[in-house]
Amino acid sequence: MVLTELSMLELAAKLSSGEITSLEATRACLARIAQVDGQVKAFLRLDEKGALAAAEASDARRKAGNPASPLDGVPIGLKDIFLTEGRETTCASRILQGFIPPYDATVVRLLREAGLPIVGKLNMDEFAMGSSTEGSAFGPTHNPWDLERTPGGSSGGSAAAVAACEVFGALGTDTGGSIRQPAALTNTVGLKPTYGRVSRYGVIAYASSLDQVGPMTRTVADTAALLQILARHDPLDSTSAKVEAPDYREDLEGGVRGLRLGVPREYFTDGMDPEVEQAVREALKAYEHMGATLVDVSLPHTKYALATYYLLATAEASSNLARYDGIRFGLRAKDAKGLKELYGLTRERGFGPEVKRRIMLGTYALSAGYYDAYYLRAQKVRTLIRQDFASAFEQVDALVSPTSPVPAFKLGEKVADPLSMYLMDIFTLPCNLAGLPGLSLPCGFTKSNLPIGLQILGKPFDEARLLRIARAFEREHGFTRRFPTL
Amino acid sequence: MKLTLEQVRHVASLARLSLSPDEERRYATQLSAVLDAVAQLQELDVSGVEPTSHATLAASLLREDVTLPSLPAEKGLANAPSKVGTRFAVPKIIE
């Protein structure tokens with residue numbers, strides 16, 4: 001077994017027994033990055049010095065028999081959306097190039113306190129707006145399973161780095177599927193926790209009523225272990241829930257016997273790739289064999305979710321991104337005459353095409369005369385979508401569906417057609433509108449060796465059950481220990 | 001719903017975005033297509049439906065009204081593209 005192919009918990013066991021040091025593990029990650037990242041391009045920036053110093057400190061704690069957490073010393077990567085004190089954070093945008101945050105995001109602080117060395121910052125779609133990581137101002141990330149294809153997005157750098165064994169785990173954010181879709185496209189596990197479960201303080205905002213932070217790893221148990229570190233109330237985030245986190249690993253091996261799993265009719269649509277559908281249907285059969293009962297359920301407003309999402313997300317984005325004005329941080333157009341021109345030119349030069357498109361749509365939807373027809377109506381339809389889920393969860397414990405309608409597509413294939421790119425999120429974004437937890441785990445491969453993901457959606461704060469359902473499949477039929485050849 | 005160039009310019013001005021003529025044309029086409037796609041929401045009867053602004057927030061969470069230290073001025077100004085003393089500098093606003 002190659003060192004960098006270990007799971008986070010396998011590495012932690014070896015760190016605990018003294019078989020490996022964190023310094024060795026961190027150096028192994030850096031060597032792996034040097035070897036493969038020229039092709040994958042998952043990292044925007046490395047922090048070798050910081051990571052090695054954290055590893056050394058971790059080794060000292062381990063040696064003293066005093067680890068800070070079960071994952072103390074396990075190297076990790078961060079999507080470039082998380083503020084890291086003293087380390088450049090750009091959100092993959094030119095407008096933030098050179099921005100050095102004055103403080104750490106709460107999740108970054110939690111990782112540091114738990115002793116995980118942070119190897120570097122990972123590529124993403126600019127301001128998390130996209131489904132392919134081609135929206136990055138610094139060039140696309142490549143899927144380690146097929147370098148001509150996208151790793152998905154917007155957390156594509158996180159997914160690709162974890163899949164390519166450049167780091168043992170990573171953090172991403174998910175506004176409409178940005179953790180789960182890239183996880184599905186790269187044979188990794190990705191969890192979007194319940195809205196409010198993980199703090200967003202210091203996470204660059206895209207659409208505040210939808211954004212949520214989550215772990216991306218190579219096994220279900222690793223996701224549970226990482227969530228354990230992140231899930232807690234944060235007084236610095238007014239949307240952070242005051243809900244005690246359970247022990248996510250306690251019931252992980254509990255299986256699915258007796259559980260009722262809902263299969264939403266509307267998530268098996270025309271236009272889905274037949275190989276994706278087949279793999280998901282086989283996974284459903286496997287769950288039945290393992291003792292779960294499959295229940296046919298309907299989420300009748302599913303077809304309205306995409307429109308609802310794009311109105312609400314862009315409206316919130318147009319408001320959140322108003323802060324990039326060239327005054328307090330980031331890029332400033334130096335040749336502008338007057339304040340209004342300074343705003344206009346700075347934003348014209350700093351933002352990429354997808355960000356501008358979404359700001360324009362959101363501004364339009366909120367503008368005088370259109371607010372009721374677009375924004376308010378979308379908020380009402382959001383209520384109907386939430387109600388669909390609430391009635392489904394009266395009958396079942398969780399919902400199971402494909403994560404993405406298609407496997408990884410070729411880079412450049414959908415760039416010119418925003419609507420077809422938006423369709424990549426049709427199975428993931430209803431969960432964000434309803435604020436529910438959702439997980440994607442590997443469930444198979446196409447004939448051309450492209451990963452396929454299975455999505456499990458749950459009730460609010462029911463992450464422990466989602467992990468248990470995912471673990472049951474991983475244990476019996478798992479694809480999580482397969483690695484791309486690079 | 002076909003957006004006119006005039007409307008695109010108006011929205012761009014509201015959004016404080018200077019667009020090139022090429023961008024204006026492109027966004028007119030692309031935004032029109034997106035607006036056509038979202039028009040399906042008009043099919044639904046939403047009378048009597050309450051809007052949802054936050055999905056799972058039971059109530060606004062308020063913290064104790066206590067003073068906490070804030071970011072020191074030098075840290076807050078560290079990323080300023082232009083500053084004067086402890087202030088952000090901007091181009092002249094009043095003639």
# chains A, B, ... in the order shown; residues from 1 in each chain; ligands from 1
>>> select_by_dssp(residues="region 8-91 of chain B", states="strand (DSSP E or B)", output="number ranges by chain")
B: 83-84, 87-88
>>> closest_atom_pairs(of="chain B", to="region 359-374 of chain A", cutoff="7 Å", atoms="only C-alpha atoms", output="JSON lines")
{"residue": "B:Val11", "atom": "CA", "partner": "A:Tyr364", "partner_atom": "CA", "distance": 6.0}
{"residue": "B:Ala12", "atom": "CA", "partner": "A:Met360", "partner_atom": "CA", "distance": 6.5}
{"residue": "B:Ala15", "atom": "CA", "partner": "A:Thr363", "partner_atom": "CA", "distance": 6.3}
{"residue": "B:Leu31", "atom": "CA", "partner": "A:Leu361", "partner_atom": "CA", "distance": 6.7}
>>> write_last_selection(atoms="C-alpha atoms", output="PDB file, in the first residue's frame")
ATOM      1  CA  VAL B  11     -29.081  46.201 -14.984  1.00  0.00           C
ATOM      2  CA  ALA B  12     -25.303  46.507 -15.454  1.00  0.00           C
ATOM      3  CA  ALA B  15     -24.869  46.075 -10.527  1.00  0.00           C
ATOM      4  CA  LEU B  31     -29.974  36.148 -19.873  1.00  0.00           C
TER       5      LEU B  31
END
>>> closest_residue(among="A:Gly130, A:Gly135, A:Pro405, A:Pro67", to="Tyr267 (chain A)", atoms="only C-alpha atoms")
A:Pro405
>>> closest_residue(among="B:Ser47, B:Thr4, B:Thr52, B:Thr29", to="chain A", atoms="only C-alpha atoms")
B:Thr52
>>> interface_residues(of="chain B", to="chain A", cutoff="9 Å", atoms="only C-alpha atoms", output="PyMOL selection string")
chain B and resi 8+11-20+23+27+30-31+33-35+37-42+44+46-47+49-57+60-63+71+75-83+88-93
>>> atom_distance(atom1="CA of Lys459 (chain A)", atom2="CA of Leu78 (chain A)")
27.2 Å
>>> select_by_dssp(residues="chain B", states="alpha helix (DSSP H)", output="PyMOL selection string")
chain B and resi 5-14+21-38+73-77
>>> atom_distance(atom1="CA of Ala55 (chain A)", atom2="CA of Asp104 (chain A)")
18.6 Å
>>> atom_distance(atom1="CA of Thr293 (chain A)", atom2="CA of Gly258 (chain A)")
6.9 Å
>>> residues_around(residues="Glu19 (chain A)", least_positions_apart="4", cutoff="12 Å", atoms="only C-alpha atoms", output="list in words")
Leu3, Glu10, Leu11, Ala12, Ala13, Lys14, Leu15, Leu23, Glu24, Ala25, Asp59, Arg62 and Lys63 of chain A
>>> write_last_selection(atoms="C-alpha atoms", output="compact mmCIF listing (two decimals), in the first residue's frame")
# COMPACT_ATOMS: atom_id res chain seq x y z
CA LEU A 3 1.43 5.79 1.97
CA GLU A 10 -5.69 4.36 8.59
CA LEU A 11 -2.98 7.01 8.62
CA ALA A 12 -4.14 8.19 12.06
CA ALA A 13 -3.76 4.62 13.38
CA LYS A 14 -0.20 4.48 12.05
CA LEU A 15 0.57 7.90 13.52
CA LEU A 23 6.24 14.80 8.97
CA GLU A 24 6.67 11.70 6.76
CA ALA A 25 3.00 11.76 5.75
CA ASP A 59 4.57 14.59 16.02
CA ARG A 62 1.82 12.29 19.54
CA LYS A 63 5.19 11.51 21.10
